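Written below as structure tokens is the structure these notes are about.
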Amino acid sequence: METFAVKIADIVPQKMMVHIEKLETKINTLEKQMSNIQGENEKLHLKVDNLEQFSKRNQLRVFGVPESNNGNLKEILQGIFENKMEVNGSQLEYCYRLGPYNKEAKYPRPILATFIDAQQRNLIFNNKKKLKGSKIAITEELTKTRYDLLISAKDKIGKENVWTSGGNIYTRIIGKKFRIRNIEDLNQIN
């Protein structure tokens, strides 16, 4: 009887070890697959963000234009571009205010302006400095991911040291220009 119990005591741990080794192999395989899937997911997320930003290449956000029921919003914007910025505004395809109207709001709703081509949009964007001193400001239309990254960069580095161009986020540190593509890039900046 003792020999039978000893044999069972020897067999059970061996069987358990074989089973544990199989499970460890399976876990390692699954971990590698998960790591590959995470890498692919990050690449796809970046690709979608790039495509979404490309679709916004003809758009700008305009802040500070007072709300009124008098006049056509497109004509008002074209007037601002032509009179205050000295840029032809005829390439403005369409525009509309973002968000619902709230008469108690402290600031007017921003305007999303879409231009016929990116060249005209860039001309307007590059002349936005002519609006300095007015309550009107112009920014690029960014994806949610890039907008959140821009806010994080401004918080970390300072508003005056961070800007956008062509849908990309940049900073200048010690006279050198850096592009911030993701949160990892931002975290590497001291």
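By order of appearance in the structure tokens: chains A, B, ..., then residues from 1 within every chain, and ligands from 1 in the order shown.
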As a VMD selection string, please: all residues of chain A that backbone DSSP puts in helix (DSSP H, G or I). chain A and resid 2 to 55 73 to 84 118 to 126 128 to 131 144 to 157 159 to 161 183 to 188
Could you tell me, as an mmCIF file with C-alpha atoms, in the first residue's frame, which residues of chain A DSSP assigns to strand (DSSP E) when given the backbone?
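Listed below is the output, out29.cif:
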```cif
data_model
loop_
_atom_site.group_PDB
_atom_site.id
_atom_site.type_symbol
_atom_site.label_atom_id
_atom_site.label_comp_id
_atom_site.auth_asym_id
_atom_site.auth_seq_id
_atom_site.Cartn_x
_atom_site.Cartn_y
_atom_site.Cartn_z
ATOM 1 C CA GLN A 59 -10.565 74.571 -41.558
ATOM 2 C CA LEU A 60 -9.903 77.225 -38.923
ATOM 3 C CA ARG A 61 -11.616 78.177 -35.666
ATOM 4 C CA VAL A 62 -12.415 81.833 -35.180
ATOM 5 C CA PHE A 63 -12.999 83.119 -31.647
ATOM 6 C CA LEU A 92 -14.466 80.992 -47.538
ATOM 7 C CA GLU A 93 -16.679 78.056 -48.496
ATOM 8 C CA TYR A 94 -18.923 77.919 -45.428
ATOM 9 C CA CYS A 95 -18.921 78.661 -41.721
ATOM 10 C CA TYR A 96 -21.089 78.080 -38.677
ATOM 11 C CA ARG A 97 -21.040 78.581 -34.935
ATOM 12 C CA ILE A 111 -16.937 79.727 -35.539
ATOM 13 C CA LEU A 112 -15.725 76.821 -37.659
ATOM 14 C CA ALA A 113 -14.654 78.260 -41.014
ATOM 15 C CA THR A 114 -14.001 75.987 -43.990
ATOM 16 C CA PHE A 115 -12.123 77.280 -47.022
ATOM 17 C CA ALA A 137 -8.386 85.066 -32.462
ATOM 18 C CA ILE A 138 -7.838 82.332 -35.051
ATOM 19 C CA THR A 139 -6.580 78.797 -34.384
ATOM 20 C CA GLU A 140 -6.171 75.662 -36.435
ATOM 21 C CA VAL A 162 3.954 76.156 -27.988
ATOM 22 C CA TRP A 163 2.234 76.635 -31.347
ATOM 23 C CA THR A 164 0.617 74.723 -34.190
ATOM 24 C CA SER A 165 1.351 74.726 -37.885
ATOM 25 C CA ASN A 168 1.293 69.733 -35.989
ATOM 26 C CA ILE A 169 2.347 70.897 -32.534
ATOM 27 C CA TYR A 170 5.732 72.561 -32.034
ATOM 28 C CA THR A 171 7.820 74.043 -29.254
ATOM 29 C CA ARG A 172 11.076 75.942 -29.133
ATOM 30 C CA ILE A 173 13.552 75.159 -26.373
ATOM 31 C CA LYS A 176 15.754 74.703 -31.162
ATOM 32 C CA LYS A 177 12.380 73.778 -32.679
ATOM 33 C CA PHE A 178 10.817 70.438 -31.692
ATOM 34 C CA ARG A 179 7.709 68.708 -33.011
ATOM 35 C CA ILE A 180 5.522 67.101 -30.353
#
```
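Distances here use only C-alpha atoms; by that measure, the residue among A:Gln53, A:Thr3, A:Ser35, A:Asn88 closest to Arg146 (chain A) is A:Gln53.
Distances here use only C-alpha atoms; by that measure, the residue among A:Ile11, A:Ile183, A:Leu44, A:Leu30 closest to Leu149 (chain A) is A:Ile183.
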If you measure from CA of His19 (chain A) to CA of Lys32 (chain A), what distance in Å do you get, rounded to one decimal? 20.2 Å
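Closest approach to Gln119 (chain A) among A:Lys15, A:His45, A:Lys106, A:Arg57 is made by A:Arg57 (distances from only C-alpha atoms).
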d(CA of Arg181 (chain A), CA of Asp117 (chain A)) in Å: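 We find that CA of Arg181 (chain A) and CA of Asp117 (chain A) lie 24.9 Å from each other.
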So the first atom is CA of Ser90 (chain A) and the second is CA of Glu75 (chain A); what is the distance between them in Å, to one decimal place?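 A separation of 9.3 Å between them.
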Compile the contact shell of Gly133 (chain A) as a PyMOL selection string: residues with an atom at most 12 Å away, counting only C-alpha atoms, same-chain residues fewer than 5 positions apart removed. chain A and resi 64+84+128
For Ile157 (chain A), work out the shell of residues within 9 Å, counting only C-alpha atoms and skipping chain neighbours fewer than 3 positions away, then give it as a ChimeraX atom specification. /A:152-154,160-162,171,189-190
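Taking only C-alpha atoms into account, Glu52 (chain A) lies nearest to A:Leu142 out of the set A:Ile151, A:Leu73, A:Leu131, A:Leu142.
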Would you mind telling me which residue in A:Gln33, A:Asn182, A:Asn70, A:Asn122 lies nearest to Thr145 (chain A) when using only C-alpha atoms?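 Comparing A:Gln33, A:Asn182, A:Asn70, A:Asn122 against Thr145 (chain A), the winner is A:Asn182.
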Would you mind telling me which residue in A:Ile174, A:Glu21, A:Pro100, A:Lys130 lies nearest to Asn83 (chain A) when using only C-alpha atoms? A:Lys130
